[in-house]
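Novice: Have a peek at work15.pdb (PDB, C-alpha atoms).
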```pdb
ATOM      1  CA  MET A   1     -49.093  13.241   6.795
ATOM      2  CA  ASN A   2     -46.955  12.306   3.809
ATOM      3  CA  THR A   3     -44.019  10.022   4.510
ATOM      4  CA  ILE A   4     -41.073   9.844   2.106
ATOM      5  CA  THR A   5     -39.389   6.444   2.137
ATOM      6  CA  SER A   6     -36.261   5.341   0.299
ATOM      7  CA  ALA A   7     -34.390   2.100   0.008
ATOM      8  CA  ILE A   8     -31.440   1.720   2.364
ATOM      9  CA  THR A   9     -28.275   1.285   0.361
ATOM     10  CA  ILE A  10     -25.117  -0.508   1.448
ATOM     11  CA  PRO A  11     -22.539   2.051   2.663
ATOM     12  CA  GLY A  12     -19.539   2.366   0.374
ATOM     13  CA  PHE A  13     -21.044  -0.107  -2.096
ATOM     14  CA  VAL A  14     -18.982  -0.686  -5.256
ATOM     15  CA  TRP A  15     -20.269  -4.091  -6.340
ATOM     16  CA  ALA A  16     -21.577  -7.352  -4.962
ATOM     17  CA  TYR A  17     -21.706 -10.735  -6.693
ATOM     18  CA  ARG A  18     -23.236 -13.994  -5.632
ATOM     19  CA  LEU A  19     -21.550 -16.912  -7.348
ATOM     20  CA  HIS A  20     -23.053 -20.363  -7.630
ATOM     21  CA  PRO A  21     -20.652 -23.239  -8.324
ATOM     22  CA  GLY A  22     -21.067 -24.401 -11.914
ATOM     23  CA  ALA A  23     -22.967 -21.305 -13.070
ATOM     24  CA  ASP A  24     -21.560 -19.498 -16.107
ATOM     25  CA  LYS A  25     -22.693 -16.058 -14.962
ATOM     26  CA  PRO A  26     -22.541 -14.491 -11.494
ATOM     27  CA  GLU A  27     -25.578 -12.932  -9.893
ATOM     28  CA  ARG A  28     -24.993  -9.211  -9.514
ATOM     29  CA  LEU A  29     -26.680  -7.801  -6.416
ATOM     30  CA  PRO A  30     -27.973  -4.207  -6.245
ATOM     31  CA  ASP A  31     -26.789  -1.721  -3.661
ATOM     32  CA  ASP A  32     -30.133  -1.824  -1.809
ATOM     33  CA  THR A  33     -30.004  -5.567  -1.088
ATOM     34  CA  ASP A  34     -31.152  -6.287   2.462
ATOM     35  CA  ARG A  35     -28.710  -7.901   4.899
ATOM     36  CA  ALA A  36     -30.553 -11.202   5.126
ATOM     37  CA  THR A  37     -30.384 -11.689   1.352
ATOM     38  CA  LEU A  38     -26.830 -10.328   1.117
ATOM     39  CA  PHE A  39     -25.259 -12.646   3.674
ATOM     40  CA  GLY A  40     -27.608 -15.588   3.232
ATOM     41  CA  GLY A  41     -28.677 -17.814   0.388
ATOM     42  CA  ASP A  42     -26.835 -20.364  -1.699
ATOM     43  CA  GLY A  43     -23.401 -20.014  -3.228
ATOM     44  CA  PHE A  44     -20.915 -17.500  -1.906
ATOM     45  CA  LEU A  45     -20.666 -13.707  -1.843
ATOM     46  CA  TRP A  46     -18.046 -11.243  -3.076
ATOM     47  CA  LEU A  47     -18.744  -7.802  -1.648
ATOM     48  CA  HIS A  48     -16.504  -4.874  -2.535
ATOM     49  CA  LEU A  49     -16.648  -1.609  -0.550
ATOM     50  CA  ASN A  50     -15.162   1.879  -0.793
ATOM     51  CA  LEU A  51     -13.579   3.062   2.471
ATOM     52  CA  VAL A  52     -14.202   6.696   1.540
ATOM     53  CA  ASP A  53     -17.665   6.185   3.034
ATOM     54  CA  ALA A  54     -17.287   6.639   6.796
ATOM     55  CA  ARG A  55     -20.290   4.371   7.458
ATOM     56  CA  VAL A  56     -18.477   1.219   6.301
ATOM     57  CA  PRO A  57     -17.113   0.279   9.779
ATOM     58  CA  THR A  58     -20.622   0.487  11.240
ATOM     59  CA  PHE A  59     -22.011  -1.661   8.441
ATOM     60  CA  LEU A  60     -19.346  -4.316   9.013
ATOM     61  CA  ALA A  61     -19.764  -4.332  12.784
ATOM     62  CA  ASP A  62     -22.255  -7.212  12.840
ATOM     63  CA  VAL A  63     -21.419  -9.108   9.645
ATOM     64  CA  PRO A  64     -21.864 -12.810  10.435
ATOM     65  CA  GLY A  65     -18.750 -14.962  10.379
ATOM     66  CA  LEU A  66     -16.188 -12.207  10.970
ATOM     67  CA  ASN A  67     -14.280 -11.594  14.162
ATOM     68  CA  GLU A  68     -13.057  -8.234  15.415
ATOM     69  CA  ALA A  69      -9.577  -8.631  13.902
ATOM     70  CA  ALA A  70     -11.053  -9.287  10.448
ATOM     71  CA  ARG A  71     -13.316  -6.239  10.693
ATOM     72  CA  THR A  72     -10.342  -4.107  11.702
ATOM     73  CA  ALA A  73      -8.364  -5.397   8.728
ATOM     74  CA  LEU A  74     -11.186  -4.372   6.380
ATOM     75  CA  THR A  75     -11.423  -0.801   7.686
ATOM     76  CA  THR A  76      -7.800   0.048   8.477
ATOM     77  CA  HIS A  77      -5.938   2.778   6.621
ATOM     78  CA  GLU A  78      -2.522   1.272   7.290
ATOM     79  CA  THR A  79      -0.148   1.249   4.314
ATOM     80  CA  HIS A  80       1.736  -1.974   4.856
ATOM     81  CA  ALA A  81       1.035  -5.555   3.853
ATOM     82  CA  MET A  82      -0.507  -7.944   6.351
ATOM     83  CA  LEU A  83      -1.793 -11.525   6.087
ATOM     84  CA  THR A  84      -3.387 -13.412   8.973
ATOM     85  CA  VAL A  85      -4.826 -16.923   9.253
ATOM     86  CA  ASP A  86      -7.223 -17.392  12.162
ATOM     87  CA  GLU A  87     -10.267 -19.573  12.838
ATOM     88  CA  GLN A  88     -10.305 -20.831   9.220
ATOM     89  CA  MET A  89     -10.440 -17.229   8.043
ATOM     90  CA  LEU A  90      -7.932 -15.309   5.964
ATOM     91  CA  PHE A  91      -7.734 -11.535   6.282
ATOM     92  CA  GLY A  92      -5.272  -8.697   5.903
ATOM     93  CA  THR A  93      -3.931  -6.129   3.432
ATOM     94  CA  LEU A  94      -2.227  -6.680   0.080
ATOM     95  CA  VAL A  95      -0.364  -4.283  -2.176
ATOM     96  CA  ASP A  96      -1.745  -3.375  -5.606
ATOM     97  CA  PHE A  97      -1.537  -0.709  -8.306
ATOM     98  CA  GLN A  98      -3.999   2.145  -8.532
ATOM     99  CA  HIS A  99      -6.279   2.463 -11.550
ATOM    100  CA  GLU A 100      -7.423   5.999 -12.336
ATOM    101  CA  PHE A 101      -9.681   7.423 -15.073
ATOM    102  CA  GLY A 102      -9.402   4.434 -17.354
ATOM    103  CA  GLN A 103      -5.615   4.232 -17.271
ATOM    104  CA  ASP A 104      -3.150   2.189 -15.242
ATOM    105  CA  THR A 105      -0.616   3.862 -12.979
ATOM    106  CA  ARG A 106       2.424   2.811 -10.987
ATOM    107  CA  ASP A 107       1.090   4.342  -7.805
ATOM    108  CA  ILE A 108       0.813   1.891  -4.940
ATOM    109  CA  GLY A 109      -2.635   1.107  -3.538
ATOM    110  CA  TRP A 110      -3.832  -1.168  -0.762
ATOM    111  CA  LEU A 111      -6.389  -3.946  -0.913
ATOM    112  CA  HIS A 112      -8.032  -4.924   2.371
ATOM    113  CA  PHE A 113      -9.863  -8.247   2.498
ATOM    114  CA  ALA A 114     -11.501 -10.832   4.732
ATOM    115  CA  LEU A 115     -12.234 -14.346   3.491
ATOM    116  CA  THR A 116     -14.366 -17.145   4.914
ATOM    117  CA  ASP A 117     -15.837 -20.281   3.367
ATOM    118  CA  ARG A 118     -19.041 -18.364   2.470
ATOM    119  CA  MET A 119     -17.859 -14.920   1.421
ATOM    120  CA  LEU A 120     -15.053 -12.595   0.384
ATOM    121  CA  ILE A 121     -15.261  -8.947   1.441
ATOM    122  CA  THR A 122     -12.779  -6.490  -0.042
ATOM    123  CA  SER A 123     -12.307  -2.770   0.550
ATOM    124  CA  ARG A 124     -10.039   0.000  -0.719
ATOM    125  CA  LEU A 125      -9.592   3.772  -0.824
ATOM    126  CA  GLN A 126      -8.566   4.136  -4.495
ATOM    127  CA  PRO A 127      -9.617   2.044  -7.511
ATOM    128  CA  LEU A 128      -7.204  -0.869  -7.924
ATOM    129  CA  ARG A 129      -6.040  -2.581 -11.079
ATOM    130  CA  SER A 130      -6.311  -6.226 -10.004
ATOM    131  CA  LEU A 131      -9.840  -5.745  -8.662
ATOM    132  CA  ASP A 132     -11.162  -4.360 -11.942
ATOM    133  CA  ARG A 133      -9.522  -7.118 -13.974
ATOM    134  CA  GLY A 134     -10.734  -9.783 -11.573
ATOM    135  CA  ARG A 135     -14.305  -8.495 -11.785
ATOM    136  CA  MET A 136     -14.232  -8.621 -15.599
ATOM    137  CA  LEU A 137     -12.924 -12.193 -15.590
ATOM    138  CA  ILE A 138     -15.630 -13.301 -13.162
ATOM    139  CA  GLU A 139     -18.344 -11.740 -15.317
ATOM    140  CA  LYS A 140     -16.965 -13.571 -18.380
ATOM    141  CA  ASN A 141     -16.507 -16.995 -16.812
ATOM    142  CA  ALA A 142     -17.884 -17.450 -13.329
ATOM    143  CA  ALA A 143     -17.769 -21.250 -13.606
ATOM    144  CA  ARG A 144     -14.027 -21.167 -12.874
ATOM    145  CA  PHE A 145     -14.676 -19.958  -9.333
ATOM    146  CA  SER A 146     -16.296 -22.379  -6.936
ATOM    147  CA  ARG A 147     -15.193 -20.847  -3.611
ATOM    148  CA  PRO A 148     -14.051 -17.463  -2.240
ATOM    149  CA  LEU A 149     -10.453 -18.715  -2.101
ATOM    150  CA  ASP A 150     -10.474 -18.969  -5.902
ATOM    151  CA  ILE A 151     -11.256 -15.241  -6.174
ATOM    152  CA  PHE A 152      -8.486 -14.451  -3.697
ATOM    153  CA  GLU A 153      -6.042 -16.423  -5.836
ATOM    154  CA  LEU A 154      -7.305 -14.606  -8.936
ATOM    155  CA  LEU A 155      -6.664 -11.196  -7.363
ATOM    156  CA  VAL A 156      -3.097 -12.102  -6.382
ATOM    157  CA  VAL A 157      -2.455 -13.582  -9.848
ATOM    158  CA  GLU A 158      -3.719 -10.371 -11.467
ATOM    159  CA  PHE A 159      -1.401  -8.367  -9.222
ATOM    160  CA  GLN A 160       1.472 -10.594 -10.356
ATOM    161  CA  ARG A 161       0.553  -9.960 -13.987
ATOM    162  CA  SER A 162       0.427  -6.226 -13.319
ATOM    163  CA  MET A 163       3.886  -6.477 -11.803
ATOM    164  CA  ILE A 164       5.142  -8.210 -14.952
ATOM    165  CA  SER A 165       3.747  -5.443 -17.165
ATOM    166  CA  VAL A 166       5.368  -2.780 -14.966
ATOM    167  CA  VAL A 167       8.682  -4.642 -15.079
ATOM    168  CA  ILE A 168       8.493  -4.745 -18.889
ATOM    169  CA  GLU A 169       7.722  -1.008 -19.050
ATOM    170  CA  MET A 170      10.633  -0.120 -16.772
ATOM    171  CA  SER A 171      12.938  -2.438 -18.726
ATOM    172  CA  GLU A 172      12.089  -0.526 -21.895
ATOM    173  CA  GLU A 173      12.793   2.766 -20.130
ATOM    174  CA  LEU A 174      16.153   1.467 -18.945
ATOM    175  CA  ASN A 175      16.875   0.337 -22.517
ATOM    176  CA  SER A 176      16.174   3.871 -23.712
ATOM    177  CA  ILE A 177      18.483   5.326 -21.060
ATOM    178  CA  GLU A 178      21.214   2.874 -22.061
ATOM    179  CA  ASP A 179      20.868   3.833 -25.730
ATOM    180  CA  PHE A 180      21.345   7.520 -24.907
ATOM    181  CA  LEU A 181      24.123   6.740 -22.463
ATOM    182  CA  HIS A 182      26.208   4.748 -24.932
ATOM    183  CA  GLY A 183      25.281   6.785 -27.994
ATOM    184  CA  ASN A 184      26.813   9.999 -29.291
ATOM    185  CA  THR A 185      24.332  12.300 -27.601
ATOM    186  CA  SER A 186      24.549  15.035 -25.014
ATOM    187  CA  ARG A 187      21.146  14.289 -23.503
ATOM    188  CA  ASP A 188      21.239  14.161 -19.713
ATOM    189  CA  GLU A 189      19.564  10.981 -18.417
ATOM    190  CA  ARG A 190      20.210  11.664 -14.736
ATOM    191  CA  THR A 191      16.704  13.077 -14.286
ATOM    192  CA  ARG A 192      14.994   9.992 -15.777
ATOM    193  CA  LEU A 193      16.725   7.296 -13.791
ATOM    194  CA  PRO A 194      15.986   8.268 -10.136
ATOM    195  CA  PRO A 195      12.148   7.947 -10.428
ATOM    196  CA  ILE A 196      12.564   4.504 -11.976
ATOM    197  CA  ARG A 197      14.938   3.434  -9.207
ATOM    198  CA  ARG A 198      12.527   4.656  -6.534
ATOM    199  CA  THR A 199       9.662   2.691  -8.101
ATOM    200  CA  ILE A 200      11.767  -0.463  -8.349
ATOM    201  CA  VAL A 201      12.901  -0.211  -4.727
ATOM    202  CA  ARG A 202       9.347   0.278  -3.466
ATOM    203  CA  LEU A 203       7.987  -2.624  -5.499
ATOM    204  CA  HIS A 204      10.798  -4.907  -4.399
ATOM    205  CA  ARG A 205      10.271  -4.011  -0.741
ATOM    206  CA  HIS A 206       6.507  -4.599  -0.818
ATOM    207  CA  LEU A 207       6.845  -7.798  -2.842
ATOM    208  CA  ARG A 208       9.365  -9.253  -0.406
ATOM    209  CA  THR A 209       6.948  -8.489   2.415
ATOM    210  CA  VAL A 210       4.020 -10.185   0.651
ATOM    211  CA  LEU A 211       6.175 -13.244  -0.094
ATOM    212  CA  SER A 212       7.257 -13.516   3.522
ATOM    213  CA  LEU A 213       3.669 -13.193   4.745
ATOM    214  CA  MET A 214       2.474 -15.812   2.266
ATOM    215  CA  ARG A 215       5.106 -18.297   3.429
ATOM    216  CA  HIS A 216       4.278 -17.728   7.100
ATOM    217  CA  ALA A 217       0.534 -18.072   6.442
ATOM    218  CA  ALA A 218       1.092 -21.335   4.556
ATOM    219  CA  ALA A 219       3.008 -22.662   7.563
ATOM    220  CA  SER A 220       0.064 -22.111   9.938
ATOM    221  CA  ASP A 221      -1.753 -24.948  11.648
ATOM    222  CA  ASP A 222      -4.058 -26.916   9.380
ATOM    223  CA  GLU A 223      -6.952 -26.304  11.770
ATOM    224  CA  GLU A 224      -6.517 -22.530  11.495
ATOM    225  CA  MET A 225      -6.217 -22.046   7.722
ATOM    226  CA  PRO A 226      -9.107 -22.248   5.240
ATOM    227  CA  LEU A 227      -9.489 -25.514   3.391
ATOM    228  CA  GLY A 228      -7.175 -25.643   0.377
ATOM    229  CA  PHE A 229      -5.212 -22.511   1.290
ATOM    230  CA  GLU A 230      -1.900 -24.364   1.579
ATOM    231  CA  ASP A 231      -2.029 -25.386  -2.094
ATOM    232  CA  VAL A 232      -3.121 -21.901  -3.159
ATOM    233  CA  ALA A 233      -0.330 -20.302  -1.133
ATOM    234  CA  GLY A 234       2.228 -22.604  -2.745
ATOM    235  CA  ARG A 235       1.117 -21.651  -6.254
ATOM    236  CA  LEU A 236       1.032 -17.945  -5.452
ATOM    237  CA  THR A 237       4.441 -18.051  -3.783
ATOM    238  CA  SER A 238       5.975 -19.630  -6.892
ATOM    239  CA  ARG A 239       4.441 -16.945  -9.105
ATOM    240  CA  LEU A 240       5.552 -14.070  -6.886
ATOM    241  CA  GLU A 241       9.065 -15.475  -6.491
ATOM    242  CA  ALA A 242       9.520 -15.419 -10.273
ATOM    243  CA  VAL A 243       8.501 -11.744 -10.399
ATOM    244  CA  GLU A 244      10.677 -10.967  -7.381
ATOM    245  CA  HIS A 245      13.679 -12.364  -9.249
ATOM    246  CA  ASP A 246      12.921 -10.130 -12.261
ATOM    247  CA  ILE A 247      12.545  -7.039 -10.072
ATOM    248  CA  TYR A 248      15.807  -7.796  -8.273
ATOM    249  CA  ALA A 249      17.593  -8.090 -11.639
ATOM    250  CA  LEU A 250      15.993  -4.793 -12.701
ATOM    251  CA  GLN A 251      17.157  -3.158  -9.485
ATOM    252  CA  GLU A 252      20.736  -4.287 -10.082
ATOM    253  CA  ARG A 253      20.583  -3.060 -13.653
ATOM    254  CA  ALA A 254      19.331   0.360 -12.564
ATOM    255  CA  ARG A 255      22.091   0.549  -9.943
ATOM    256  CA  LEU A 256      24.769  -0.206 -12.543
ATOM    257  CA  LEU A 257      23.283   2.394 -14.870
ATOM    258  CA  HIS A 258      23.391   4.925 -12.050
ATOM    259  CA  GLU A 259      27.054   4.169 -11.436
ATOM    260  CA  GLU A 260      27.813   4.374 -15.150
ATOM    261  CA  ILE A 261      26.068   7.738 -15.467
ATOM    262  CA  ASN A 262      28.048   9.058 -12.501
ATOM    263  CA  SER A 263      31.258   7.725 -14.037
ATOM    264  CA  LYS A 264      30.458   9.386 -17.347
ATOM    265  CA  LEU A 265      29.633  12.625 -15.548
ATOM    266  CA  ALA A 266      32.939  12.501 -13.653
ATOM    267  CA  SER A 267      34.806  11.891 -16.910
ATOM    268  CA  GLU A 268      33.020  14.845 -18.489
ATOM    269  CA  ILE A 269      33.953  17.095 -15.576
ATOM    270  CA  ASN A 270      37.570  15.949 -15.767
ATOM    271  CA  ARG A 271      37.609  16.648 -19.498
ATOM    272  CA  HIS A 272      36.273  20.163 -18.907
ATOM    273  CA  LEU A 273      38.904  20.776 -16.237
ATOM    274  CA  TYR A 274      41.566  19.473 -18.618
ATOM    275  CA  ILE A 275      40.431  21.877 -21.358
ATOM    276  CA  LEU A 276      40.341  24.729 -18.857
ATOM    277  CA  SER A 277      43.872  23.917 -17.719
ATOM    278  CA  ILE A 278      45.110  23.825 -21.320
ATOM    279  CA  MET A 279      43.494  27.184 -22.035
ATOM    280  CA  THR A 280      45.091  28.615 -18.911
ATOM    281  CA  ALA A 281      48.475  27.305 -19.999
ATOM    282  CA  PHE A 282      48.087  28.875 -23.442
ATOM    283  CA  LEU A 283      46.828  32.237 -22.190
ATOM    284  CA  LEU A 284      49.274  32.703 -19.349
ATOM    285  CA  PRO A 285      52.297  33.666 -21.548
ATOM    286  CA  PRO A 286      50.307  36.184 -23.663
ATOM    287  CA  THR A 287      49.001  37.691 -20.446
ATOM    288  CA  LEU A 288      52.558  38.090 -19.253
ATOM    289  CA  VAL A 289      53.575  39.701 -22.548
ATOM    290  CA  THR A 290      50.660  42.147 -22.607
ATOM    291  CA  GLY A 291      51.268  42.974 -18.991
ATOM    292  CA  PHE A 292      54.899  43.641 -19.688
ATOM    293  CA  PHE A 293      54.172  45.938 -22.629
ATOM    294  CA  GLY A 294      51.378  47.661 -20.784
ATOM    295  CA  MET A 295      53.379  48.668 -17.720
ATOM    296  CA  ASN A 296      53.552  52.388 -17.099
ATOM    297  CA  THR A 297      57.355  52.537 -17.141
ATOM    298  CA  SER A 298      59.875  54.387 -19.281
ATOM    299  CA  ASN A 299      62.652  53.212 -21.550
ATOM    300  CA  LEU A 300      60.768  50.056 -22.556
ATOM    301  CA  PRO A 301      61.947  48.358 -25.757
ATOM    302  CA  LEU A 302      60.158  49.550 -28.886
ATOM    303  CA  SER A 303      58.461  52.378 -26.965
ATOM    304  CA  GLY A 304      60.215  55.154 -28.825
ATOM    305  CA  GLY A 305      59.193  54.386 -32.396
ATOM    306  CA  THR A 306      56.497  52.919 -34.556
ATOM    307  CA  GLY A 307      55.729  49.296 -35.211
ATOM    308  CA  GLY A 308      55.648  48.235 -31.557
ATOM    309  CA  THR A 309      52.230  46.633 -31.894
ATOM    310  CA  GLN A 310      53.475  44.164 -34.486
ATOM    311  CA  TYR A 311      56.354  43.174 -32.276
ATOM    312  CA  ALA A 312      54.010  42.699 -29.301
ATOM    313  CA  ILE A 313      51.726  40.461 -31.352
ATOM    314  CA  GLY A 314      54.768  38.516 -32.494
ATOM    315  CA  PHE A 315      55.866  37.994 -28.902
ATOM    316  CA  ILE A 316      52.347  36.823 -27.974
ATOM    317  CA  VAL A 317      52.235  34.266 -30.786
ATOM    318  CA  ALA A 318      55.750  33.132 -30.008
ATOM    319  CA  SER A 319      54.898  32.680 -26.333
ATOM    320  CA  MET A 320      51.825  30.594 -27.229
ATOM    321  CA  LEU A 321      53.867  28.416 -29.550
ATOM    322  CA  LEU A 322      56.467  27.983 -26.841
ATOM    323  CA  ALA A 323      53.737  26.965 -24.360
ATOM    324  CA  TRP A 324      52.338  24.478 -26.864
ATOM    325  CA  TRP A 325      55.804  23.002 -27.478
ATOM    326  CA  LEU A 326      56.466  22.602 -23.782
ATOM    327  CA  LEU A 327      53.087  20.923 -23.125
ATOM    328  CA  LYS A 328      53.690  18.609 -26.092
ATOM    329  CA  ARG A 329      57.208  17.822 -24.881
ATOM    330  CA  ILE A 330      56.021  16.669 -21.449
ATOM    331  CA  ASN A 331      53.074  14.668 -22.943
ATOM    332  CA  ILE A 332      50.265  16.799 -21.562
ATOM    333  CA  LEU A 333      48.827  17.385 -25.044
TER     334      LEU A 333
END
```
Any chance you could put this one into C-alpha cells?

Specialist:
Amino acid sequence: MNTITSAITIPGFVWAYRLHPGADKPERLPDDTDRATLFGGDGFLWLHLNLVDARVPTFLADVPGLNEAARTALTTHETHAMLTVDEQMLFGTLVDFQHEFGQDTRDIGWLHFALTDRMLITSRLQPLRSLDRGRMLIEKNAARFSRPLDIFELLVVEFQRSMISVVIEMSEELNSIEDFLHGNTSRDERTRLPPIRRTIVRLHRHLRTVLSLMRHAAASDDEEMPLGFEDVAGRLTSRLEAVEHDIYALQERARLLHEEINSKLASEINRHLYILSIMTAFLLPPTLVTGFFGMNTSNLPLSGGTGGTQYAIGFIVASMLLAWWLLKRINIL
C-alpha cells in the first residue's frame, strides 16, 4: 500500500523569525517548522499569523507561555483597541493601516498580539502597513532587537510614522480645498471635505484610545508588566501624544473649513435670491403694462388706430426705468 505523506504546515502562517541578540541577520523559519523547534531554542521568536485560516485558534490552544486571555486576544475579531498587562505578559489589539496590493491605504486595520520574554505572536485579517515595514527593518538590521519588547516598540513607532504621513497627506488636501475656496473658482469642494473629516475623526478617536490604554498599562504593578515595559511605554506615549496634537489641529482646521464652506454657500444662495428679487422687481411693471394692454375690453387707449405697439413698448421701458429709479432711491441697488 502506497502512503502519501506531506509536511504539516503552520496554520495561517505568514512569517516566522528567530532572532539572536547581537546577530546581524534573523533566522527565517519555514512554514513546516515543528512545534518543538518553533517554540524552543535560543533567542526569541516572532511569529505572524493570518486569521483568515480558521485553524489558527486550534494551533494556539497549547502554545507554551500563553494564558487563555492572551490566546483570545490573538484570535478575536473585535474592532477596538485593547492593551492588557498580566503575569509579565503584554497582549491586546492595536490599530493600524491596511496595506493592499503594494500600496498604502487609509483604511483601518487591527493588529492582535501577545508578548512574553521569549516570543512575540502577532495576527491580523488584512495586511498591515506597520508589520510590513517592521519586517523589512528587522531583515536589514536584526542586531537592534534583543528582546520581543523591542519589536513591539518598533511596530508602534512605525504606526506613528504612518500616522504622520497620513496627516501630511490630509494637510495637503486641506490646502488644496482652501486654495479653491479662497480663489476665483466655482468648483464645489463640499464633496471633498466630508471624507477627510470622517478619516480625521476616526483616527483621532482610535489614537486617543491607544494613548489611554498605554498610560494605564504603564501604571500597572511592576510585578505584572514585562521587564522594561515602563520605559518603552513612556517613549511610545510621548511619540503618540505629538501625533495626537497634530491630528487635533487638523480636525479643528477641517471644522473651520466646513463652516467657511457653509458660510460661502449661504452667501451664494442669498446672492441668488437677491438677483431673483431684483429681476422680479424689474419685470413686475412690464407685466402689469402688458396685462393692461392685453385685456379683452373696449375703448382702451390707442386701440382704435395704428402705432399702439410702439406706445406699449414705450410704457414697458418707462416702467422698468421707474422701477430702477425707485430701487436706486431706497438703496436696494

Novice: Rank nothing, just name the residue among A:His258, A:His77, A:Arg235, A:Arg271 nearest to A:Asp150, using only C-alpha atoms.

Specialist: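 Under the stated criterion, the closest residue is A:Arg235.
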
Novice: Of the candidates A:Leu257, A:Val14, A:Ala266, A:Ala242, which one gets nearest to A:Ile164 if we count all atoms listed in the file?

Specialist: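 Result for the nearest residue to A:Ile164: A:Ala242.
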
Novice: Please enumerate the residues selected by the PyMOL selection byres ((chain A and resi 246) around 12) when evaluated against the supplied file, formatted as a PyMOL selection string.

Specialist: chain A and resi 160+163-168+170-171+200+203-204+207+239-245+247-253

Novice: Deliver the residues from the most recent selection as a file, using C-alpha atoms, as a short mmCIF file (atom, residue, chain, number, x, y, z; two decimals), in the frame of the given file.

Specialist:
```cif
data_model
loop_
_atom_site.label_atom_id
_atom_site.label_comp_id
_atom_site.auth_asym_id
_atom_site.auth_seq_id
_atom_site.Cartn_x
_atom_site.Cartn_y
_atom_site.Cartn_z
CA GLN A 160 1.47 -10.59 -10.36
CA MET A 163 3.89 -6.48 -11.80
CA ILE A 164 5.14 -8.21 -14.95
CA SER A 165 3.75 -5.44 -17.16
CA VAL A 166 5.37 -2.78 -14.97
CA VAL A 167 8.68 -4.64 -15.08
CA ILE A 168 8.49 -4.74 -18.89
CA MET A 170 10.63 -0.12 -16.77
CA SER A 171 12.94 -2.44 -18.73
CA ILE A 200 11.77 -0.46 -8.35
CA LEU A 203 7.99 -2.62 -5.50
CA HIS A 204 10.80 -4.91 -4.40
CA LEU A 207 6.84 -7.80 -2.84
CA ARG A 239 4.44 -16.94 -9.10
CA LEU A 240 5.55 -14.07 -6.89
CA GLU A 241 9.06 -15.48 -6.49
CA ALA A 242 9.52 -15.42 -10.27
CA VAL A 243 8.50 -11.74 -10.40
CA GLU A 244 10.68 -10.97 -7.38
CA HIS A 245 13.68 -12.36 -9.25
CA ILE A 247 12.54 -7.04 -10.07
CA TYR A 248 15.81 -7.80 -8.27
CA ALA A 249 17.59 -8.09 -11.64
CA LEU A 250 15.99 -4.79 -12.70
CA GLN A 251 17.16 -3.16 -9.48
CA GLU A 252 20.74 -4.29 -10.08
CA ARG A 253 20.58 -3.06 -13.65
#
```

Novice: Out of A:Thr280, A:Thr58, A:Ser267, A:Thr105, which residue has the shortest atom-to-atom distance to A:Trp324 when counting only C-alpha atoms?

Specialist: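 Among the listed residues, A:Thr280 lies closest to A:Trp324.
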
Novice: For A:Met136, find every residue with an atom within 12 Å (counting all atoms listed in the file), except residues of its own chain fewer than 6 positions away, and show them as a CSV table (one decimal) with C-alpha atoms, in the frame of the given file.

Specialist:
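out34.csv, written as the output of this step:
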```csv
chain,number,residue,atom,x,y,z
A,15,TRP,CA,-20.3,-4.1,-6.3
A,17,TYR,CA,-21.7,-10.7,-6.7
A,25,LYS,CA,-22.7,-16.1,-15.0
A,26,PRO,CA,-22.5,-14.5,-11.5
A,129,ARG,CA,-6.0,-2.6,-11.1
A,130,SER,CA,-6.3,-6.2,-10.0
A,142,ALA,CA,-17.9,-17.4,-13.3
A,151,ILE,CA,-11.3,-15.2,-6.2
A,154,LEU,CA,-7.3,-14.6,-8.9
A,155,LEU,CA,-6.7,-11.2,-7.4
A,158,GLU,CA,-3.7,-10.4,-11.5
```
